[in-house]
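J.: See structure23.pdb below, with PDB, C-alpha atoms, pLDDT in the B column.
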```pdb
ATOM      1  CA  MET R   1      -0.560  14.075  -4.481  1.00 93.00           C
ATOM      2  CA  PRO R   2      -3.186  11.455  -5.343  1.00 96.00           C
ATOM      3  CA  VAL R   3      -2.233   8.781  -7.843  1.00 96.00           C
ATOM      4  CA  GLU R   4      -4.027   5.859  -9.427  1.00 97.00           C
ATOM      5  CA  LEU R   5      -1.830   2.883 -10.258  1.00 97.00           C
ATOM      6  CA  PRO R   6      -2.646  -0.142 -12.398  1.00 97.00           C
ATOM      7  CA  GLY R   7      -3.182  -3.228 -10.273  1.00 98.00           C
ATOM      8  CA  ALA R   8      -5.031  -4.276  -7.133  1.00 98.00           C
ATOM      9  CA  LEU R   9      -4.947  -3.649  -3.402  1.00 98.00           C
ATOM     10  CA  TYR R  10      -5.325  -6.603  -1.052  1.00 98.00           C
ATOM     11  CA  PHE R  11      -4.756  -7.388   2.622  1.00 98.00           C
ATOM     12  CA  ALA R  12      -2.695 -10.364   3.747  1.00 97.00           C
ATOM     13  CA  THR R  13      -0.375 -11.638   6.487  1.00 96.00           C
ATOM     14  CA  GLU R  14      -0.650 -10.282  10.040  1.00 95.00           C
ATOM     15  CA  SER R  15       0.898  -7.032  11.211  1.00 94.00           C
ATOM     16  CA  PRO R  16       2.064  -7.172  14.837  1.00 92.00           C
ATOM     17  CA  VAL R  17       1.763  -3.378  14.965  1.00 92.00           C
ATOM     18  CA  TRP R  18      -1.701  -3.031  13.416  1.00 95.00           C
ATOM     19  CA  THR R  19      -2.961  -6.468  14.589  1.00 95.00           C
ATOM     20  CA  GLY R  20      -4.541  -7.354  11.279  1.00 97.00           C
ATOM     21  CA  GLY R  21      -3.915  -7.707   7.575  1.00 97.00           C
ATOM     22  CA  ARG R  22      -1.310  -5.543   5.861  1.00 97.00           C
ATOM     23  CA  ALA R  23      -1.968  -3.696   2.595  1.00 97.00           C
ATOM     24  CA  PHE R  24      -0.178  -5.050  -0.458  1.00 98.00           C
ATOM     25  CA  TYR R  25      -0.090  -3.983  -4.097  1.00 98.00           C
ATOM     26  CA  ASP R  26      -0.307  -6.465  -6.959  1.00 98.00           C
ATOM     27  CA  PRO R  27       0.675  -4.502 -10.079  1.00 97.00           C
ATOM     28  CA  GLN R  28      -0.193  -7.460 -12.351  1.00 97.00           C
ATOM     29  CA  ALA R  29      -3.792  -7.833 -11.172  1.00 98.00           C
ATOM     30  CA  PRO R  30      -6.638  -6.086 -12.955  1.00 97.00           C
ATOM     31  CA  GLY R  31      -7.924  -2.915 -11.377  1.00 97.00           C
ATOM     32  CA  THR R  32      -6.746   0.399 -10.038  1.00 97.00           C
ATOM     33  CA  VAL R  33      -4.980   1.170  -6.777  1.00 98.00           C
ATOM     34  CA  TRP R  34      -5.480   4.548  -5.137  1.00 98.00           C
ATOM     35  CA  ALA R  35      -2.483   6.006  -3.361  1.00 96.00           C
ATOM     36  CA  CYS R  36      -0.888   9.190  -2.167  1.00 94.00           C
ATOM     37  CA  ALA R  37       2.477   9.986  -3.756  1.00 95.00           C
ATOM     38  CA  HIS R  38       5.140  11.815  -1.775  1.00 95.00           C
ATOM     39  CA  LEU R  39       8.202  13.398  -3.345  1.00 96.00           C
ATOM     40  CA  VAL R  40      11.187  11.923  -1.508  1.00 96.00           C
ATOM     41  CA  THR R  41      14.839  11.475  -2.317  1.00 95.00           C
ATOM     42  CA  ALA R  42      16.288   8.089  -3.241  1.00 94.00           C
ATOM     43  CA  GLN R  43      17.914   7.987   0.215  1.00 94.00           C
ATOM     44  CA  GLN R  44      14.604   8.704   1.938  1.00 95.00           C
ATOM     45  CA  PHE R  45      12.842   6.029  -0.117  1.00 95.00           C
ATOM     46  CA  GLY R  46      15.612   3.585   0.793  1.00 94.00           C
ATOM     47  CA  ASP R  47      15.220   4.395   4.480  1.00 94.00           C
ATOM     48  CA  ILE R  48      11.439   3.929   4.366  1.00 94.00           C
ATOM     49  CA  ALA R  49      11.794   0.630   2.500  1.00 94.00           C
ATOM     50  CA  ALA R  50      14.484  -0.584   4.924  1.00 91.00           C
ATOM     51  CA  GLN R  51      12.277   0.139   7.922  1.00 91.00           C
ATOM     52  CA  GLU R  52       9.367  -1.752   6.369  1.00 90.00           C
ATOM     53  CA  MET R  53      11.739  -4.674   5.707  1.00 89.00           C
ATOM     54  CA  TYR R  54      12.814  -4.582   9.387  1.00 86.00           C
ATOM     55  CA  GLU R  55      16.296  -3.488   8.333  1.00 87.00           C
ATOM     56  CA  PRO R  56      18.245  -0.544   9.748  1.00 84.00           C
ATOM     57  CA  PRO R  57      17.919   2.625   7.648  1.00 84.00           C
ATOM     58  CA  GLY R  58      20.932   4.375   6.184  1.00 82.00           C
ATOM     59  CA  ALA R  59      22.192   1.956   3.534  1.00 82.00           C
ATOM     60  CA  ASP R  60      21.972   3.000  -0.111  1.00 86.00           C
ATOM     61  CA  LEU R  61      19.303   1.069  -1.974  1.00 90.00           C
ATOM     62  CA  ASP R  62      20.223   0.238  -5.571  1.00 92.00           C
ATOM     63  CA  LEU R  63      17.237   1.380  -7.626  1.00 95.00           C
ATOM     64  CA  GLY R  64      18.789   0.568 -11.014  1.00 95.00           C
ATOM     65  CA  VAL R  65      16.985  -2.737 -11.580  1.00 96.00           C
ATOM     66  CA  VAL R  66      13.525  -1.485 -10.596  1.00 97.00           C
ATOM     67  CA  LEU R  67      13.950   1.635 -12.748  1.00 97.00           C
ATOM     68  CA  ARG R  68      15.024  -0.462 -15.760  1.00 97.00           C
ATOM     69  CA  GLU R  69      12.679  -3.427 -15.365  1.00 97.00           C
ATOM     70  CA  GLY R  70       9.771  -2.060 -13.317  1.00 97.00           C
ATOM     71  CA  ARG R  71      10.243  -4.662 -10.564  1.00 97.00           C
ATOM     72  CA  HIS R  72      13.073  -5.874  -8.363  1.00 97.00           C
ATOM     73  CA  VAL R  73      12.675  -8.667  -5.805  1.00 96.00           C
ATOM     74  CA  LEU R  74      15.126  -8.067  -2.955  1.00 93.00           C
ATOM     75  CA  GLY R  75      13.934 -10.947  -0.790  1.00 92.00           C
ATOM     76  CA  PRO R  76      11.094 -13.401  -0.154  1.00 93.00           C
ATOM     77  CA  GLY R  77       9.325 -11.411   2.561  1.00 89.00           C
ATOM     78  CA  ARG R  78       6.595  -8.856   2.643  1.00 89.00           C
ATOM     79  CA  TYR R  79       7.554  -5.392   1.376  1.00 95.00           C
ATOM     80  CA  GLU R  80      10.804  -6.771  -0.101  1.00 95.00           C
ATOM     81  CA  THR R  81       9.804  -6.233  -3.752  1.00 97.00           C
ATOM     82  CA  LEU R  82      10.347  -2.832  -5.316  1.00 97.00           C
ATOM     83  CA  VAL R  83       7.916  -1.720  -8.034  1.00 98.00           C
ATOM     84  CA  CYS R  84       7.993   1.204 -10.469  1.00 98.00           C
ATOM     85  CA  PRO R  85       4.509   1.342 -12.037  1.00 97.00           C
ATOM     86  CA  GLY R  86       5.291   4.478 -14.034  1.00 95.00           C
ATOM     87  CA  TYR R  87       6.356   8.091 -13.946  1.00 96.00           C
ATOM     88  CA  LEU R  88       4.671  11.233 -12.699  1.00 94.00           C
ATOM     89  CA  GLU R  89       5.856  14.470 -14.300  1.00 93.00           C
ATOM     90  CA  GLY R  90       9.105  12.708 -15.250  1.00 95.00           C
ATOM     91  CA  VAL R  91       9.750  11.381 -11.744  1.00 96.00           C
ATOM     92  CA  PRO R  92       9.595   7.601 -11.154  1.00 97.00           C
ATOM     93  CA  VAL R  93       6.765   6.391  -8.945  1.00 97.00           C
ATOM     94  CA  LEU R  94       8.287   3.813  -6.605  1.00 97.00           C
ATOM     95  CA  THR R  95       6.713   1.597  -4.011  1.00 97.00           C
ATOM     96  CA  PHE R  96       7.299  -1.770  -2.383  1.00 97.00           C
ATOM     97  CA  THR R  97       5.124  -4.803  -1.920  1.00 97.00           C
ATOM     98  CA  ALA R  98       5.327  -8.576  -1.539  1.00 97.00           C
ATOM     99  CA  PRO R  99       6.824 -10.853  -4.201  1.00 96.00           C
ATOM    100  CA  TRP R 100       3.640 -12.931  -4.358  1.00 96.00           C
ATOM    101  CA  SER R 101       0.412 -12.130  -6.222  1.00 95.00           C
ATOM    102  CA  LEU R 102      -2.926 -11.492  -4.553  1.00 96.00           C
ATOM    103  CA  SER R 103      -4.150 -14.930  -5.660  1.00 97.00           C
ATOM    104  CA  ALA R 104      -1.136 -16.749  -4.160  1.00 97.00           C
ATOM    105  CA  VAL R 105      -1.763 -15.863  -0.510  1.00 97.00           C
ATOM    106  CA  SER R 106      -4.570 -16.051   2.036  1.00 97.00           C
ATOM    107  CA  HIS R 107      -6.289 -12.751   2.640  1.00 98.00           C
ATOM    108  CA  THR R 108      -6.452 -11.273   6.131  1.00 97.00           C
ATOM    109  CA  ARG R 109      -8.932  -8.850   7.673  1.00 98.00           C
ATOM    110  CA  PRO R 110      -7.345  -5.426   8.255  1.00 98.00           C
ATOM    111  CA  SER R 111      -7.828  -3.930  11.705  1.00 97.00           C
ATOM    112  CA  THR R 112      -9.964  -0.913  12.504  1.00 95.00           C
ATOM    113  CA  ALA R 113      -6.879   1.158  13.364  1.00 95.00           C
ATOM    114  CA  TYR R 114      -5.156   0.253  10.094  1.00 96.00           C
ATOM    115  CA  LEU R 115      -8.213   1.048   7.971  1.00 96.00           C
ATOM    116  CA  ARG R 116      -8.588   4.340   9.835  1.00 94.00           C
ATOM    117  CA  HIS R 117      -4.945   5.099   8.989  1.00 94.00           C
ATOM    118  CA  LEU R 118      -5.457   4.247   5.305  1.00 95.00           C
ATOM    119  CA  THR R 119      -8.683   6.232   5.047  1.00 94.00           C
ATOM    120  CA  ALA R 120      -6.972   9.274   6.584  1.00 92.00           C
ATOM    121  CA  GLY R 121      -4.162   9.092   4.022  1.00 93.00           C
ATOM    122  CA  LEU R 122      -6.512   8.743   1.063  1.00 95.00           C
ATOM    123  CA  ARG R 123      -8.671  11.527   2.432  1.00 93.00           C
ATOM    124  CA  ARG R 124      -5.653  13.864   2.739  1.00 93.00           C
ATOM    125  CA  ALA R 125      -4.767  13.130  -0.889  1.00 94.00           C
ATOM    126  CA  GLY R 126      -7.932  15.064  -1.725  1.00 91.00           C
ATOM    127  CA  ALA R 127      -9.070  13.233  -4.846  1.00 94.00           C
ATOM    128  CA  TRP R 128     -11.788  11.025  -3.400  1.00 96.00           C
ATOM    129  CA  ASP R 129     -14.699  11.635  -1.059  1.00 93.00           C
ATOM    130  CA  ASP R 130     -15.407   9.580   2.049  1.00 92.00           C
ATOM    131  CA  GLN R 131     -18.026   7.371   0.392  1.00 93.00           C
ATOM    132  CA  ALA R 132     -15.737   6.579  -2.545  1.00 96.00           C
ATOM    133  CA  ILE R 133     -12.823   5.754  -0.228  1.00 96.00           C
ATOM    134  CA  ALA R 134     -14.999   3.454   1.889  1.00 95.00           C
ATOM    135  CA  ALA R 135     -16.356   1.687  -1.212  1.00 96.00           C
ATOM    136  CA  TYR R 136     -12.832   1.323  -2.623  1.00 97.00           C
ATOM    137  CA  LEU R 137     -11.344  -0.161   0.568  1.00 97.00           C
ATOM    138  CA  CYS R 138     -14.205  -2.568   1.258  1.00 96.00           C
ATOM    139  CA  ARG R 139     -13.759  -4.117  -2.224  1.00 97.00           C
ATOM    140  CA  ALA R 140     -10.145  -5.133  -1.517  1.00 98.00           C
ATOM    141  CA  PRO R 141      -9.624  -8.836  -0.797  1.00 98.00           C
ATOM    142  CA  GLY R 142      -9.226  -9.240   2.966  1.00 98.00           C
ATOM    143  CA  ALA R 143     -11.472  -6.280   3.718  1.00 98.00           C
ATOM    144  CA  ALA R 144     -14.227  -7.394   1.321  1.00 97.00           C
ATOM    145  CA  GLU R 145     -14.960 -10.468   3.410  1.00 94.00           C
ATOM    146  CA  SER R 146     -15.312  -8.584   6.701  1.00 94.00           C
ATOM    147  CA  TRP R 147     -16.013  -4.865   6.203  1.00 96.00           C
ATOM    148  CA  THR R 148     -18.988  -3.014   4.722  1.00 95.00           C
ATOM    149  CA  VAL R 149     -19.049   0.444   3.170  1.00 95.00           C
ATOM    150  CA  GLU R 150     -21.081   1.660   6.151  1.00 94.00           C
ATOM    151  CA  GLN R 151     -18.547   0.323   8.662  1.00 94.00           C
ATOM    152  CA  ILE R 152     -15.618   1.932   6.869  1.00 93.00           C
ATOM    153  CA  THR R 153     -17.522   5.199   6.404  1.00 91.00           C
ATOM    154  CA  ALA R 154     -18.110   5.256  10.165  1.00 90.00           C
ATOM    155  CA  LEU R 155     -14.310   5.258  10.668  1.00 85.00           C
ATOM    156  CA  PHE R 156     -14.250   8.789   9.225  1.00 80.00           C
ATOM    157  CA  LEU R 157     -16.476   9.953  12.057  1.00 71.00           C
ATOM    158  CA  LYS R 158     -14.366   8.419  14.857  1.00 65.00           C
ATOM    159  CA  LYS R 159     -11.124   9.928  16.035  1.00 53.00           C
TER     160      LYS R 159
END
```
Rewrite the structure from the file as structure tokens, please.
T.:
Amino acid sequence: MPVELPGALYFATESPVWTGGRAFYDPQAPGTVWACAHLVTAQQFGDIAAQEMYEPPGADLDLGVVLREGRHVLGPGRYETLVCPGYLEGVPVLTFTAPWSLSAVSHTRPSTAYLRHLTAGLRRAGAWDDQAIAAYLCRAPGAAESWTVEQITALFLKK
């Protein structure tokens, strides 16, 4: 289901898979982040987080600190900080991001393939139209310097 979280989206570092900037979430920055929430078990969330941290899945991830404090830094790398920005129908909303803020890192242009992937996910969430999604993504630091609304909108037309 679509969710809007307090904070900001930005692109930084370089993904060897997507060959461009990765999406990060800064929950302390002003703004709103659009996302698609999926109902998963704690084990499934732990497996997804482990894979993004380049760790083998299967280990139990202790969610106690993030559920109590809203944030838990597991390590210095990207996607090694757990965040709980709130609850949805009594269920904690959990995600992971980098331990640094959007102002503490250089921004990186996201690749066409990665933006196409993000636009498809936001589109499937069903809350925003193509023009709104394109405008939202092209405002994010990293994309803002190199993508226009028209260029991102065109990604919807390409398969």
J.: Taking all atoms listed in the file into account, name the residue in R:Val66, R:Leu94, R:Ala12, R:Ala143 that is nearest to Thr112 in chain R.
T.: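 The shortest atom-to-atom distance to Thr112 in chain R comes from R:Ala143.
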J.: Check which residues satisfy the PyMOL selection byres ((chain R and resi 39) around 10) in the file shown, then give them as a list in words.
T.: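 Expected selection for the PyMOL selection byres ((chain R and resi 39) around 10) here is Met1, Ala37, His38, Val40, Thr41, Ala42, Gln44, Phe45, Val91, Pro92 and Val93 of chain R.
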J.: Between R:Ala29, R:Ala23, R:Ile48, R:Leu63, which residue has the minimum interatomic distance to Thr108 in chain R, considering all atoms listed in the file?
T.: R:Ala23
J.: Which residue, R:Ala144, R:Ala35, R:Ile133, R:Ala127, has the smallest gap to Thr95 in chain R when you use only C-alpha atoms?
T.: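 Answer, going by the shortest atom-to-atom distance: R:Ala35.
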J.: What does the structure give for the distance between CA of Arg71 in chain R and CA of Glu14 in chain R, in Å to one decimal?
T.: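 These atoms are spaced 24.0 Å apart.
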J.: Expanded to explicit residues, what is the PyMOL selection byres ((chain R and resi 7) around 6) for this file, as a CSV table (one decimal) with C-alpha atoms, in the frame of the given file?
T.:
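Listed below is the output, part05.csv:
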```csv
chain,number,residue,atom,x,y,z
R,6,PRO,CA,-2.6,-0.1,-12.4
R,8,ALA,CA,-5.0,-4.3,-7.1
R,26,ASP,CA,-0.3,-6.5,-7.0
R,27,PRO,CA,0.7,-4.5,-10.1
R,28,GLN,CA,-0.2,-7.5,-12.4
R,29,ALA,CA,-3.8,-7.8,-11.2
R,30,PRO,CA,-6.6,-6.1,-13.0
R,31,GLY,CA,-7.9,-2.9,-11.4
R,32,THR,CA,-6.7,0.4,-10.0
R,33,VAL,CA,-5.0,1.2,-6.8
```
J.: Between CA of Leu122 in chain R and CA of Pro56 in chain R, what is the distance, to one decimal in Å?
T.: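 Answer for the CA of Leu122 in chain R to CA of Pro56 in chain R separation: 27.8 Å.
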J.: Given the file above and the PyMOL selection byres ((chain R and resi 96) around 10), which residues are selected, and can you give them as a list in words?
T.: Phe24, Tyr25, Phe45, Ile48, Ala49, Glu52, Met53, Arg71, His72, Val73, Arg78, Tyr79, Glu80, Thr81, Leu82, Val83, Cys84, Leu94, Thr95, Thr97, Ala98 and Pro99 of chain R
J.: One number please: CA of Leu5 in chain R to CA of Pro85 in chain R, in Å, one decimal.
T.: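 Interatomic distance, CA of Leu5 in chain R to CA of Pro85 in chain R: 6.8 Å.
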J.: Restricting the calculation to only C-alpha atoms, which member of R:Thr153, R:Thr148, R:Glu55, R:Leu115 is positioned closest to Asp130 in chain R?
T.: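 The closest residue to Asp130 in chain R is R:Thr153.
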J.: With all atoms listed in the file as the atoms that count, which of R:Ser111, R:Thr119, R:Ser15, R:Gln51 lies nearest to Ala132 in chain R?
T.: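 Smallest separation from Ala132 in chain R among the options: R:Thr119.
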J.: For a quick check of understanding, using all atoms listed in the file, which of R:Ala59, R:Val3, R:Gly90, R:Leu157 has the smallest distance to Ala120 in chain R?
T.: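 Of the candidates, the smallest distance to Ala120 in chain R is held by R:Leu157.
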J.: List as a list in words the protein and nucleic acid residues near Tyr114 in chain R, meaning an atom at most 9 Å away when all atoms listed in the file are counted, but skip any in the same chain fewer than 5 places from it.
T.: Trp18, Thr19, Gly20, Gly21, Arg22 and Thr119 of chain R
